[in-house]
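Asker: Pasting final-v5.cif below, which is mmCIF, C-alpha atoms.
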data_query
loop_
_atom_site.label_atom_id
_atom_site.label_comp_id
_atom_site.auth_asym_id
_atom_site.auth_seq_id
_atom_site.Cartn_x
_atom_site.Cartn_y
_atom_site.Cartn_z
CA MET K 9 0.00 0.00 0.00
CA PRO K 10 1.68 3.30 -1.03
CA PRO K 11 1.86 6.06 1.58
CA ARG K 12 -0.67 8.85 1.25
CA THR K 13 0.51 12.29 0.22
CA GLY K 14 2.39 14.03 2.98
CA GLU K 15 2.93 10.88 4.96
CA ARG K 16 6.35 9.63 6.00
CA GLU K 17 8.26 7.18 3.87
CA ARG K 18 7.54 3.58 4.87
CA CYS K 19 9.76 0.66 5.64
CA VAL K 20 7.63 -2.10 4.14
CA THR K 21 8.07 -5.04 6.51
CA GLY K 22 7.16 -7.59 3.82
CA ILE K 23 4.77 -9.23 6.27
CA ASP K 24 1.52 -8.60 4.39
CA GLY K 25 -0.81 -8.57 7.36
CA LEU K 26 1.42 -6.27 9.39
CA ASP K 27 1.88 -3.84 6.50
CA THR K 28 -1.89 -3.68 6.12
CA ILE K 29 -2.32 -3.05 9.87
CA LEU K 30 0.26 -0.25 9.60
CA TYR K 31 -1.26 1.28 6.45
CA GLY K 32 1.80 0.45 4.39
CA GLY K 33 4.61 -0.36 6.81
CA ILE K 34 6.67 1.08 9.65
CA PRO K 35 7.48 4.78 9.16
CA ARG K 36 11.14 4.85 8.07
CA ALA K 37 13.66 5.28 10.94
CA ASN K 38 11.17 4.47 13.68
CA THR K 39 12.34 2.44 16.68
CA VAL K 40 9.74 -0.19 17.45
CA LEU K 41 9.41 -2.21 20.63
CA LEU K 42 8.28 -5.73 19.73
CA THR K 43 7.10 -7.08 23.02
CA GLY K 44 5.63 -10.32 24.30
CA SER K 45 6.10 -13.35 26.48
CA CYS K 46 7.95 -16.48 25.41
CA GLY K 47 6.62 -18.52 22.50
CA THR K 48 4.62 -15.70 20.95
CA GLY K 49 6.70 -15.47 17.75
CA LYS K 50 8.73 -12.29 18.39
CA THR K 51 12.05 -13.58 17.07
CA SER K 52 10.41 -15.20 14.02
CA LEU K 53 8.65 -11.96 13.11
CA ALA K 54 11.81 -9.90 13.65
CA LEU K 55 13.86 -12.28 11.49
CA GLU K 56 11.29 -12.16 8.73
CA PHE K 57 11.37 -8.35 8.82
CA LEU K 58 15.14 -8.48 8.21
CA ILE K 59 15.03 -11.16 5.51
CA HIS K 60 12.44 -9.19 3.52
CA GLY K 61 14.61 -6.10 3.92
CA ALA K 62 17.72 -7.92 2.69
CA MET K 63 15.73 -9.27 -0.26
CA LYS K 64 14.78 -5.69 -1.13
CA ASP K 65 18.44 -4.70 -1.10
CA GLU K 66 18.27 -3.04 2.33
CA ASN K 67 21.23 -4.06 4.46
CA SER K 68 19.92 -5.77 7.54
CA LEU K 69 21.57 -6.47 10.88
CA PHE K 70 20.52 -8.84 13.65
CA VAL K 71 22.15 -8.21 17.02
CA SER K 72 21.67 -11.32 19.05
CA VAL K 73 21.95 -11.05 22.81
CA THR K 74 20.46 -14.24 24.12
CA GLU K 75 20.89 -16.85 21.39
CA ASN K 76 23.86 -17.90 19.35
CA SER K 77 23.62 -16.78 15.70
CA ASP K 78 24.15 -20.29 14.34
CA LYS K 79 21.21 -21.56 16.34
CA LEU K 80 19.08 -18.66 15.09
CA LEU K 81 20.03 -19.40 11.52
CA SER K 82 18.91 -22.98 11.84
CA ASN K 83 15.50 -21.62 12.83
CA ILE K 84 15.08 -19.52 9.68
CA MET K 85 16.01 -22.28 7.25
CA PRO K 86 12.42 -23.55 6.92
CA TYR K 87 11.36 -20.21 5.37
CA LYS K 88 10.60 -20.86 1.71
CA PHE K 89 11.71 -17.35 0.73
CA PHE K 90 15.03 -17.42 2.59
CA ASP K 91 18.10 -17.39 0.36
CA ARG K 92 21.44 -18.28 1.94
CA ASN K 93 23.16 -15.91 -0.49
CA LEU K 94 21.79 -13.03 1.57
CA LEU K 95 24.31 -14.03 4.24
CA LYS K 96 27.19 -14.51 1.81
CA SER K 97 26.57 -11.15 0.14
CA GLY K 98 26.46 -9.39 3.52
CA LYS K 99 22.92 -8.15 2.98
CA LEU K 100 21.93 -9.99 6.15
CA VAL K 101 24.43 -9.91 9.00
CA PHE K 102 24.28 -11.54 12.42
CA VAL K 103 26.30 -10.23 15.35
CA ASP K 104 26.47 -11.77 18.82
CA LEU K 105 26.42 -9.02 21.43
CA PRO K 106 28.29 -11.08 24.06
CA VAL K 107 31.23 -11.16 21.62
CA MET K 108 30.98 -7.39 21.29
CA TYR K 109 30.95 -7.00 25.10
CA GLU K 110 34.10 -9.06 25.28
CA ARG K 111 35.89 -7.04 22.61
CA LEU K 112 34.89 -3.80 24.34
CA GLY K 113 36.13 -5.16 27.66
CA MET K 114 32.68 -4.98 29.25
CA THR K 115 33.08 -7.91 31.56
CA LYS K 116 31.32 -6.55 34.66
CA ALA K 117 27.74 -7.47 35.54
CA GLU K 118 26.66 -3.81 35.42
CA LEU K 119 27.64 -1.26 32.77
CA SER K 120 28.70 2.23 33.76
CA MET K 121 27.41 5.36 31.98
CA GLU K 122 30.67 5.54 30.05
CA GLU K 123 30.31 1.95 28.95
CA ILE K 124 26.75 2.63 27.79
CA ASP K 125 28.08 5.40 25.56
CA LEU K 126 30.73 3.00 24.30
CA LEU K 127 28.14 0.33 23.53
CA VAL K 128 25.88 2.78 21.67
CA ALA K 129 28.90 4.03 19.74
CA ALA K 130 29.91 0.47 18.85
CA ILE K 131 26.43 -0.45 17.54
CA THR K 132 26.13 2.86 15.69
CA SER K 133 29.54 2.40 14.14
CA LEU K 134 28.51 -1.07 12.95
CA VAL K 135 25.31 0.33 11.47
CA LYS K 136 27.30 3.04 9.69
CA GLU K 137 29.96 0.66 8.45
CA LEU K 138 27.47 -1.87 7.11
CA GLY K 139 25.05 0.74 5.75
CA THR K 140 22.31 -0.89 7.79
CA ARG K 141 18.73 0.12 6.97
CA ARG K 142 17.04 -2.44 9.22
CA LEU K 143 18.18 -3.48 12.66
CA VAL K 144 16.89 -5.96 15.22
CA VAL K 145 18.18 -6.23 18.79
CA ASP K 146 17.00 -9.48 20.36
CA SER K 147 16.48 -8.82 23.11
CA ILE K 148 16.72 -5.31 24.53
CA THR K 149 15.58 -6.80 27.85
CA SER K 150 18.79 -8.82 28.05
CA VAL K 151 20.83 -5.68 27.40
CA CYS K 152 18.85 -3.92 30.13
CA TYR K 153 19.86 -6.64 32.63
CA LYS K 154 23.33 -5.13 32.49
CA LEU K 155 22.06 -1.60 32.95
CA LYS K 156 20.07 -2.19 36.16
CA THR K 157 18.62 1.30 36.79
CA PRO K 158 15.74 2.98 34.90
CA GLU K 159 17.97 6.02 34.34
CA LYS K 160 20.63 3.99 32.56
CA ILE K 161 18.04 2.11 30.53
CA ARG K 162 16.40 5.36 29.45
CA ASP K 163 19.78 6.84 28.59
CA PHE K 164 20.82 3.79 26.56
CA ILE K 165 17.59 3.46 24.57
CA LEU K 166 17.32 7.20 23.92
CA LYS K 167 20.89 7.43 22.64
CA LEU K 168 20.62 4.28 20.56
CA SER K 169 17.27 5.30 19.12
CA LYS K 170 18.58 8.76 18.19
CA SER K 171 21.69 7.37 16.51
CA LEU K 172 19.67 4.86 14.50
CA THR K 173 17.20 7.53 13.44
CA ASP K 174 20.10 9.72 12.29
CA PHE K 175 21.18 6.91 9.98
CA GLU K 176 17.60 6.39 8.70
CA CYS K 177 17.71 2.91 10.17
CA THR K 178 14.38 1.30 11.04
CA SER K 179 14.81 -0.82 14.11
CA ILE K 180 12.98 -3.42 16.12
CA LEU K 181 13.92 -3.87 19.77
CA VAL K 182 12.62 -7.20 21.02
CA SER K 183 11.31 -7.00 24.56
CA GLU K 184 10.55 -9.94 26.82
CA ILE K 185 7.75 -9.74 29.35
CA ALA K 186 6.23 -12.30 31.65
CA ALA K 187 2.98 -13.94 30.53
CA GLN K 188 -0.23 -12.08 31.45
CA THR K 189 1.71 -8.88 32.24
CA ILE K 190 -0.14 -5.59 31.90
CA ALA K 191 3.00 -3.54 31.12
CA TYR K 192 4.58 -3.57 27.67
CA SER K 193 8.14 -3.93 28.93
CA MET K 194 10.08 -5.40 31.82
CA TYR K 195 11.35 -2.08 33.17
CA GLY K 196 8.50 0.21 32.09
CA VAL K 197 10.98 2.59 30.46
CA GLU K 198 11.45 1.03 27.03
CA GLU K 199 7.80 1.47 26.00
CA ALA K 200 7.78 5.21 26.73
CA ILE K 201 10.78 5.87 24.51
CA ALA K 202 9.97 3.69 21.51
CA ASP K 203 8.18 5.17 18.49
CA GLY K 204 6.03 2.10 18.21
CA ILE K 205 4.84 -0.83 20.28
CA VAL K 206 3.78 -4.14 18.78
CA LEU K 207 2.41 -6.53 21.38
CA MET K 208 2.49 -10.27 20.78
CA ALA K 209 0.69 -12.58 23.17
CA ASN K 210 -0.79 -15.97 23.83
CA MET K 211 -4.54 -15.69 24.29
CA GLU K 212 -6.50 -18.50 25.82
CA ARG K 213 -10.08 -18.95 24.67
CA ARG K 214 -12.13 -21.88 25.83
CA GLY K 215 -9.00 -23.97 26.29
CA ASP K 216 -7.47 -23.02 22.91
CA LEU K 217 -4.22 -21.06 22.89
CA LEU K 218 -4.05 -18.48 20.10
CA ARG K 219 -1.00 -16.42 19.14
CA THR K 220 -2.06 -12.78 18.81
CA LEU K 221 -0.56 -9.52 17.58
CA GLN K 222 -1.73 -5.98 18.28
CA VAL K 223 -0.16 -2.65 17.35
CA ILE K 224 -0.49 -0.47 20.44
CA LYS K 225 1.18 2.64 19.07
CA MET K 226 3.13 3.70 15.99
CA ARG K 227 4.26 7.27 15.57
CA GLY K 228 3.97 8.70 12.08
CA THR K 229 1.11 6.61 10.78
CA GLN K 230 -2.47 5.61 11.32
CA HIS K 231 -2.82 1.99 12.26
CA SER K 232 -5.31 -0.62 13.30
CA ARG K 233 -5.52 -1.18 17.04
CA ALA K 234 -7.42 -4.44 16.71
CA LYS K 235 -6.10 -7.81 17.80
CA TYR K 236 -5.06 -10.31 15.13
CA VAL K 237 -4.33 -14.02 15.28
CA LEU K 238 -1.11 -15.17 13.68
CA ASP K 239 0.46 -18.34 12.41
CA LEU K 240 4.16 -18.97 11.82
CA THR K 241 4.41 -20.76 8.49
CA PRO K 242 7.17 -21.61 5.99
CA MET K 243 5.82 -18.63 4.00
CA GLY K 244 6.31 -16.38 7.00
CA VAL K 245 3.91 -14.81 9.47
CA LEU K 246 0.27 -14.88 8.39
CA LEU K 247 -2.39 -12.83 10.15
CA VAL K 248 -6.19 -12.87 10.34
CA PRO K 249 -8.51 -10.77 12.50
CA LEU K 250 -9.45 -12.17 15.90
CA LEU K 251 -13.11 -13.16 15.72
CA LYS K 252 -14.95 -10.92 18.16
CA GLY K 253 -17.83 -13.29 18.70
CA GLY K 254 -15.48 -15.48 20.69
CA SER K 255 -13.59 -12.76 22.53
CA VAL K 256 -13.40 -13.16 26.28
CA GLY K 257 -12.40 -9.53 26.75
CA THR K 258 -8.68 -10.00 27.20
CA MET O 11 -32.46 -39.23 -10.98
CA SER O 12 -29.42 -41.54 -11.13
CA ASP O 13 -26.34 -40.93 -8.98
CA ALA O 14 -24.26 -40.14 -12.08
CA ASN O 15 -26.80 -37.61 -13.29
CA THR O 16 -26.94 -36.00 -9.87
CA ALA O 17 -23.15 -35.65 -9.76
CA ALA O 18 -23.10 -34.27 -13.30
CA GLY O 19 -25.91 -31.86 -12.42
CA ILE O 20 -23.92 -30.51 -9.46
CA ALA O 21 -20.82 -30.03 -11.64
CA THR O 22 -22.87 -28.24 -14.29
CA ARG O 23 -24.37 -25.86 -11.74
CA LEU O 24 -20.95 -25.08 -10.29
CA SER O 25 -19.45 -24.57 -13.76
CA GLU O 26 -22.07 -21.95 -14.53
CA MET O 27 -20.85 -19.79 -11.63
CA PRO O 28 -18.43 -16.95 -12.36
CA ALA O 29 -14.94 -17.11 -10.84
CA ALA O 30 -14.68 -16.31 -7.12
CA SER O 31 -18.26 -17.33 -6.48
CA ALA O 32 -19.43 -18.66 -3.15
CA VAL O 33 -22.02 -21.41 -3.32
CA SER O 34 -24.22 -22.90 -0.62
CA LEU O 35 -24.61 -26.59 -1.41
CA GLN O 36 -27.34 -28.11 0.70
CA MET O 37 -27.66 -31.86 0.43
CA SER O 38 -29.51 -34.74 1.88
CA VAL O 39 -27.37 -37.16 3.91
CA ASP O 40 -27.97 -39.78 1.20
CA ASN O 41 -26.37 -37.61 -1.49
CA TYR O 42 -22.96 -37.12 0.10
CA LEU O 43 -21.12 -39.34 -2.40
CA GLU O 44 -22.67 -37.65 -5.42
CA VAL O 45 -21.74 -34.27 -3.95
CA LEU O 46 -18.12 -35.41 -3.58
CA ARG O 47 -18.10 -36.78 -7.13
CA GLY O 48 -19.75 -33.71 -8.66
CA THR O 49 -17.70 -31.14 -6.75
CA LEU O 50 -14.22 -32.67 -6.51
CA ASP O 51 -14.07 -34.80 -9.64
CA LEU O 52 -16.43 -33.49 -12.30
CA PHE O 53 -16.03 -29.81 -11.39
CA ALA O 54 -12.62 -29.17 -9.79
CA GLY O 55 -10.79 -32.19 -11.26
CA ARG O 56 -11.81 -31.52 -14.85
CA LYS O 57 -10.96 -27.83 -14.54
CA GLY O 58 -7.51 -28.66 -13.15
CA MET O 59 -8.17 -26.85 -9.88
CA ASP O 60 -6.34 -27.25 -6.61
CA THR O 61 -8.91 -28.05 -3.95
CA ILE O 62 -8.65 -27.16 -0.27
CA TYR O 63 -11.03 -29.44 1.56
CA VAL O 64 -11.85 -28.28 5.08
CA THR O 65 -13.34 -31.07 7.09
CA SER O 66 -14.84 -30.78 10.53
CA THR O 67 -17.20 -33.70 10.05
CA ILE O 68 -15.08 -36.81 9.56
CA SER O 69 -11.33 -37.29 9.40
CA TYR O 70 -9.34 -36.65 6.23
CA GLU O 71 -8.38 -40.33 6.21
CA ALA O 72 -12.02 -41.39 6.01
CA ILE O 73 -12.77 -38.89 3.23
CA ARG O 74 -9.67 -39.88 1.31
CA ARG O 75 -10.67 -43.55 1.53
CA VAL O 76 -14.10 -42.66 0.15
CA LEU O 77 -12.55 -40.65 -2.69
CA GLN O 78 -10.18 -43.47 -3.55
CA ALA O 79 -13.08 -45.94 -3.52
CA LEU O 80 -14.88 -43.61 -5.95
CA ASP O 81 -11.71 -43.56 -8.07
CA ILE O 82 -11.33 -39.80 -7.67
CA ASP O 83 -7.81 -38.38 -8.09
CA THR O 84 -6.69 -36.93 -4.73
CA SER O 85 -3.31 -35.57 -5.85
CA ARG O 86 -4.63 -31.99 -6.03
CA ILE O 87 -6.77 -32.14 -2.92
CA TYR O 88 -5.29 -30.58 0.23
CA PHE O 89 -7.08 -31.29 3.48
CA VAL O 90 -7.49 -28.96 6.42
CA ASP O 91 -8.64 -31.37 9.09
CA CYS O 92 -10.22 -29.84 12.20
CA ILE O 93 -11.41 -33.06 13.76
CA SER O 94 -8.61 -35.67 13.81
CA HIS O 95 -6.57 -33.87 16.44
CA ILE O 96 -9.35 -33.71 19.02
CA MET O 97 -10.08 -37.37 18.32
CA MET O 98 -6.37 -38.07 19.05
CA GLY O 99 -6.08 -39.70 15.65
CA ALA O 100 -3.67 -37.45 13.85
CA SER O 101 -0.33 -39.23 13.93
CA SER O 102 -0.08 -40.07 10.21
CA ALA O 103 -0.99 -36.51 9.21
CA GLN O 104 2.36 -35.22 10.47
CA ARG O 105 4.09 -36.89 7.52
CA ASP O 106 1.51 -36.06 4.85
CA ASP O 107 2.06 -32.79 2.98
CA HIS O 108 -1.51 -32.94 1.69
CA VAL O 109 -2.88 -32.64 5.20
CA THR O 110 -2.85 -29.73 7.65
CA LEU O 111 -4.34 -30.18 11.06
CA VAL O 112 -6.21 -27.62 13.10
CA GLU O 113 -6.28 -28.56 16.76
CA SER O 114 -9.97 -28.02 17.20
CA PRO O 115 -12.98 -26.83 15.16
CA THR O 116 -13.29 -24.03 17.71
CA MET O 117 -10.03 -22.52 16.42
CA LEU O 118 -11.69 -20.81 13.49
CA GLU O 119 -8.94 -18.22 13.08
CA ASN O 120 -6.37 -20.99 12.72
CA LEU O 121 -8.62 -22.66 10.18
CA MET O 122 -8.60 -19.42 8.15
CA LEU O 123 -4.82 -19.19 8.51
CA LYS O 124 -4.31 -22.73 7.20
CA VAL O 125 -6.58 -22.05 4.22
CA GLU O 126 -4.68 -18.82 3.57
CA TYR O 127 -1.38 -20.68 3.68
CA LEU O 128 -2.57 -23.33 1.21
CA ILE O 129 -4.03 -20.69 -1.11
CA ARG O 130 -0.68 -18.87 -1.13
CA SER O 131 1.21 -22.13 -1.66
CA SER O 132 -0.94 -23.23 -4.59
CA GLN O 133 0.54 -22.78 -8.04
CA SER O 134 -2.80 -23.31 -9.73
CA PRO O 135 -4.63 -20.25 -11.09
CA ASN O 136 -7.94 -21.88 -10.17
CA LYS O 137 -8.72 -22.88 -6.63
CA LEU O 138 -11.69 -24.35 -4.85
CA VAL O 139 -12.30 -24.30 -1.12
CA VAL O 140 -14.88 -26.73 0.25
CA ILE O 141 -16.21 -26.37 3.80
CA ASP O 142 -17.58 -29.70 5.03
CA SER O 143 -19.77 -28.79 6.78
CA ILE O 144 -21.39 -25.78 8.35
CA ASN O 145 -23.50 -28.11 10.50
CA SER O 146 -20.50 -29.77 12.15
CA LEU O 147 -18.82 -26.38 12.72
CA ALA O 148 -22.07 -25.29 14.38
CA ILE O 149 -21.75 -28.11 16.90
CA HIS O 150 -18.57 -26.52 18.24
CA ASN O 151 -19.22 -22.80 17.71
CA ASN O 152 -22.03 -20.38 18.42
CA ASN O 153 -23.83 -18.62 15.61
CA TRP O 154 -22.21 -15.23 16.28
CA ILE O 155 -18.67 -16.40 15.81
CA LEU O 156 -19.58 -18.76 12.99
CA SER O 157 -21.31 -16.00 11.09
CA GLU O 158 -18.31 -13.69 11.53
CA PHE O 159 -15.97 -16.49 10.45
CA LEU O 160 -17.93 -17.19 7.25
CA HIS O 161 -18.07 -13.53 6.36
CA ILE O 162 -14.31 -13.00 6.74
CA LEU O 163 -13.35 -16.30 5.13
CA VAL O 164 -15.58 -15.95 2.06
CA SER O 165 -14.67 -12.28 1.57
CA GLY O 166 -10.97 -13.22 1.69
CA LEU O 167 -11.43 -16.04 -0.78
CA ARG O 168 -13.26 -13.74 -3.19
CA VAL O 169 -10.26 -11.41 -3.16
CA ARG O 170 -8.06 -14.41 -3.99
CA GLU O 171 -10.50 -15.37 -6.77
CA ALA O 172 -11.11 -18.81 -5.31
CA TYR O 173 -14.42 -20.65 -5.52
CA THR O 174 -16.04 -21.48 -2.20
CA VAL O 175 -18.52 -24.28 -1.68
CA ILE O 176 -20.15 -24.51 1.74
CA LEU O 177 -21.76 -27.86 2.40
CA SER O 178 -24.75 -28.22 4.67
CA VAL O 179 -26.89 -31.21 5.49
CA GLU O 180 -30.59 -30.58 5.01
CA GLU O 181 -31.67 -32.90 7.81
CA HIS O 182 -29.40 -31.15 10.34
CA SER O 183 -29.85 -27.54 9.31
CA THR O 184 -31.79 -24.81 11.07
CA PRO O 185 -33.28 -21.62 9.62
CA GLU O 186 -30.55 -19.64 11.42
CA LEU O 187 -27.77 -21.67 9.82
CA ASN O 188 -29.39 -21.44 6.39
CA ASN O 189 -29.69 -17.66 6.71
CA MET O 190 -26.09 -17.40 7.81
CA VAL O 191 -24.83 -19.31 4.78
CA ASN O 192 -27.18 -17.59 2.34
CA LEU O 193 -25.94 -14.21 3.54
CA VAL O 194 -22.40 -14.87 2.31
CA CYS O 195 -23.14 -17.01 -0.75
CA ASP O 196 -23.99 -15.84 -4.25
CA GLN O 197 -26.08 -18.83 -5.09
CA GLY O 198 -27.65 -21.91 -3.53
CA VAL O 199 -27.72 -25.44 -4.91
CA ARG O 200 -29.98 -28.11 -3.38
CA VAL O 201 -29.35 -31.79 -3.83
CA ASN O 202 -31.89 -34.39 -2.69
CA LYS O 203 -33.76 -37.42 -3.96
CA ASP O 204 -35.54 -35.23 -6.51
CA GLY O 205 -32.24 -34.17 -8.07
CA VAL O 206 -30.35 -30.89 -8.29
CA SER O 207 -32.24 -27.60 -8.00
#
I'd like the structure from this file rewritten - as structure tokens, please.
Answerer:
Amino acid sequence: MPPRTGERERCVTGIDGLDTILYGGIPRANTVLLTGSCGTGKTSLALEFLIHGAMKDENSLFVSVTENSDKLLSNIMPYKFFDRNLLKSGKLVFVDLPVMYERLGMTKAELSMEEIDLLVAAITSLVKELGTRRLVVDSITSVCYKLKTPEKIRDFILKLSKSLTDFECTSILVSEIAAQTIAYSMYGVEEAIADGIVLMANMERRGDLLRTLQVIKMRGTQHSRAKYVLDLTPMGVLLVPLLKGGSVGT
Amino acid sequence: MSDANTAAGIATRLSEMPAASAVSLQMSVDNYLEVLRGTLDLFAGRKGMDTIYVTSTISYEAIRRVLQALDIDTSRIYFVDCISHIMMGASSAQRDDHVTLVESPTMLENLMLKVEYLIRSSQSPNKLVVIDSINSLAIHNNNWILSEFLHILVSGLRVREAYTVILSVEEHSTPELNNMVNLVCDQGVRVNKDGVS
């Protein structure tokens, strides 16, 4: 769907249902918090966003914090549209953050303010060097474990978000929350800073567990606020509207 | 009317429909085999269509056995089976790429997602989606959600230019169910001992 006159340029995610929900895609250079509990499909959706970007010639970078890149790669192999050449050509790049910590000498359990600046500079420098247009950090929650205080978390996300925006890089920060949580992030800070929030959840209805997706906010565009049910398939994420007749009000 | 004539009559009626039509096919219990023959063999088979057969009535294995007994080619029929899993009888389906399971007929959104996936996977320009049947889905779902489901499913299939055939069993139908199906369908076909009307 092309943007309407006067609207911001879009980063078309390539996930049909999500692009429809967002009236054409994520506004370019937005920082989006993709939040949800375990098993809701956050990493799969984030990976698909990057693969579609790489396929459209947009350099894409996955910064993995919790899982080893090789293990992640084995998870994306079933995608019918995934082409291994995207990795060879450098269109799709995986970086393990623990390796970056080690190289930067960040061995302590808690990062200082100076180290936060160093970490932001290191990620920004990578984005600049690779000409990254799409970035995923999976997960920002794991990075926040090393920051400890809300002030440091706010400082880190604000600085990172600003740097990425300066480079016209559209980014997804994956956030982990406990099941049935009312907040959109673990520390309550991330959600206030992000330009957009996409909430993924497991919804139980009469004993059935449905994977759902809902866009809570997205600066720079109109969007649907309805809840959708999703399926993770070899053709990527598919979405259909949640049937209201069966809604239990959650 | 002979069984062969009934099956041919069903295929003729379906062939007269424009592309992307949705058809309500109400049958008597006794005409199930002719409906399968007319819809899957004489209509979809001869037109070279891929068929997505959604069953919530009996398992895909049972339907496939019937089709094989009728000597109907099943190579282009893809089943979305909403009943085998809750009957704990789905083990062989895991290895069959012509079968997709939905855990329960109450998971109507997942049913739509599986149909969507198969529609996207199909290489055929012509596709048929058969819902067997609205009566069995009504056992597991209330009319509100079923009505909403039909509306969204059929509208989506129209956009994809797929034919939709919604089966219902005359003996088990209610005026509410008939109204619900008629609301989303372009045309109705009735099959009983008197023939096709």
Asker: Considering all atoms listed in the file, state which residue in the set K:Pro86, K:Gly25, K:Gly98, K:Gly61 is at the smallest distance from Thr178 in chain K.
Answerer: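 Closest residue, counting all atoms listed in the file: K:Gly61.
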Asker: Which residues are close to range 46-49 of chain O, i.e. within 8 Å by all atoms listed in the file, leaving aside same-chain residues fewer than 6 positions away? Reply as a list in words.
Answerer: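 Near neighbours after the sequence-gap exclusion: Thr16, Ala17, Ala18, Gly19, Ile20, Ala21, Leu24, Leu77, Leu80 and Ile82 of chain O.
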Asker: Between range 69-110 of chain K and range 34-57 of chain K, at 10 Å or less, what are the per-residue closest atom pairs and their distances in Å? Count only C-alpha atoms, order by chain and rising residue number, and return it as a tab-separated table.
Answerer:
residue	atom	partner	partner_atom	distance
K:Leu69	CA	K:Leu55	CA	9.7
K:Phe70	CA	K:Leu55	CA	7.8
K:Leu80	CA	K:Thr51	CA	8.9
K:Leu81	CA	K:Leu55	CA	9.4
K:Asn83	CA	K:Ser52	CA	8.3
K:Ile84	CA	K:Leu55	CA	7.6
K:Tyr87	CA	K:Glu56	CA	8.7
K:Phe89	CA	K:Glu56	CA	9.5
K:Phe90	CA	K:Glu56	CA	8.9
K:Leu100	CA	K:Leu55	CA	9.9
Asker: For the residues in the current selection, export C-alpha atoms as a compact mmCIF listing (two decimals), keeping the file's coordinate frame.
Answerer:
# COMPACT_ATOMS: atom_id res chain seq x y z
CA LEU K 69 21.57 -6.47 10.88
CA PHE K 70 20.52 -8.84 13.65
CA LEU K 80 19.08 -18.66 15.09
CA LEU K 81 20.03 -19.40 11.52
CA ASN K 83 15.50 -21.62 12.83
CA ILE K 84 15.08 -19.52 9.68
CA TYR K 87 11.36 -20.21 5.37
CA PHE K 89 11.71 -17.35 0.73
CA PHE K 90 15.03 -17.42 2.59
CA LEU K 100 21.93 -9.99 6.15
Asker: Sorted by chain and rising residue number, list the residues of chain O at most 9 Å from chain K (counting all atoms listed in the file), each with its closest atom pair and distance in Å to one decimal, as CSV.
Answerer:
residue,atom,partner,partner_atom,distance
O:Glu113,CA,K:Asp216,CA,8.4
O:Ser114,CA,K:Asp216,CA,8.0
O:Thr116,CA,K:Asp216,CA,7.9
O:Met117,CA,K:Asp216,CA,7.0
O:Leu118,CA,K:Leu251,CA,8.1
O:Glu119,CA,K:Val248,CA,6.6
O:Asn120,CA,K:Asp239,CA,7.3
O:Met122,CA,K:Val248,CA,7.3
O:Leu123,CA,K:Asp239,CA,6.6
O:Lys124,CA,K:Asp239,CA,8.3
O:Glu126,CA,K:Leu246,CA,8.0
O:Tyr127,CA,K:Met243,CA,7.5
O:Arg130,CA,K:Met243,CA,8.3
O:Ser131,CA,K:Met243,CA,8.1
O:Asn151,CA,K:Gly254,CA,8.7
O:Asn152,CA,K:Gly253,CA,8.2
O:Asn153,CA,K:Gly253,CA,8.6
O:Trp154,CA,K:Gly253,CA,5.4
O:Ile155,CA,K:Gly253,CA,4.3
O:Leu156,CA,K:Gly253,CA,8.1
O:Ser157,CA,K:Gly253,CA,8.8
O:Glu158,CA,K:Leu251,CA,6.7
O:Phe159,CA,K:Leu251,CA,6.9
O:Ile162,CA,K:Pro249,CA,8.5
Asker: With all atoms listed in the file as the basis for distance, which of K:Lys96, K:Arg141, K:Lys116, K:Arg18 is at the shortest distance from Ser68 in chain K?
Answerer: K:Arg141
Asker: On this structure, the PyMOL selection byres ((chain O and resi 111) around 7) would catch which residues? List them as an NGL selection string, sorted by chain and number.
Answerer: :O and (90-92 or 95 or 109-110 or 112-113)
Asker: Excluding same-chain residues fewer than 5 positions from Lys154 in chain K, what lies within 12 Å of it counting only C-alpha atoms, as a list in words?
Answerer: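 Contacts, in chain order: Val73, Pro106, Tyr109, Met114, Thr115, Lys116, Ala117, Glu118, Leu119, Ser120, Met121, Glu123, Ile124, Leu127, Ile148, Thr149, Lys160, Ile161 and Phe164 of chain K.
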Asker: With C-alpha atoms kept, could you save the residues just selected as a compact mmCIF listing (two decimals), in the frame of the given file?
Answerer:
# COMPACT_ATOMS: atom_id res chain seq x y z
CA VAL K 73 21.95 -11.05 22.81
CA PRO K 106 28.29 -11.08 24.06
CA TYR K 109 30.95 -7.00 25.10
CA MET K 114 32.68 -4.98 29.25
CA THR K 115 33.08 -7.91 31.56
CA LYS K 116 31.32 -6.55 34.66
CA ALA K 117 27.74 -7.47 35.54
CA GLU K 118 26.66 -3.81 35.42
CA LEU K 119 27.64 -1.26 32.77
CA SER K 120 28.70 2.23 33.76
CA MET K 121 27.41 5.36 31.98
CA GLU K 123 30.31 1.95 28.95
CA ILE K 124 26.75 2.63 27.79
CA LEU K 127 28.14 0.33 23.53
CA ILE K 148 16.72 -5.31 24.53
CA THR K 149 15.58 -6.80 27.85
CA LYS K 160 20.63 3.99 32.56
CA ILE K 161 18.04 2.11 30.53
CA PHE K 164 20.82 3.79 26.56
Asker: Show me, as a list in words, the residues that have an atom within 8 Å of range 34-45 of chain O when counting all atoms listed in the file, minus same-chain residues fewer than 2 positions from it.
Answerer: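 The filter keeps Asp13, Ala14, Thr16, Ala17, Ile20, Ala32, Arg47, Gly48, Thr49, Val175, Ile176, Leu177, Ser178, Val179, Glu180, Glu181, Val191, Asn192, Cys195, Asp196, Gln197, Gly198, Val199, Arg200, Val201, Asn202 and Lys203 of chain O.
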Asker: Could you tell me, as an MDAnalysis selection string, exactly which residues end up selected when the PyMOL selection byres ((chain O and resi 86) around 7) is applied to this structure?
Answerer: chainID O and resid 60:61 84:85 87:88
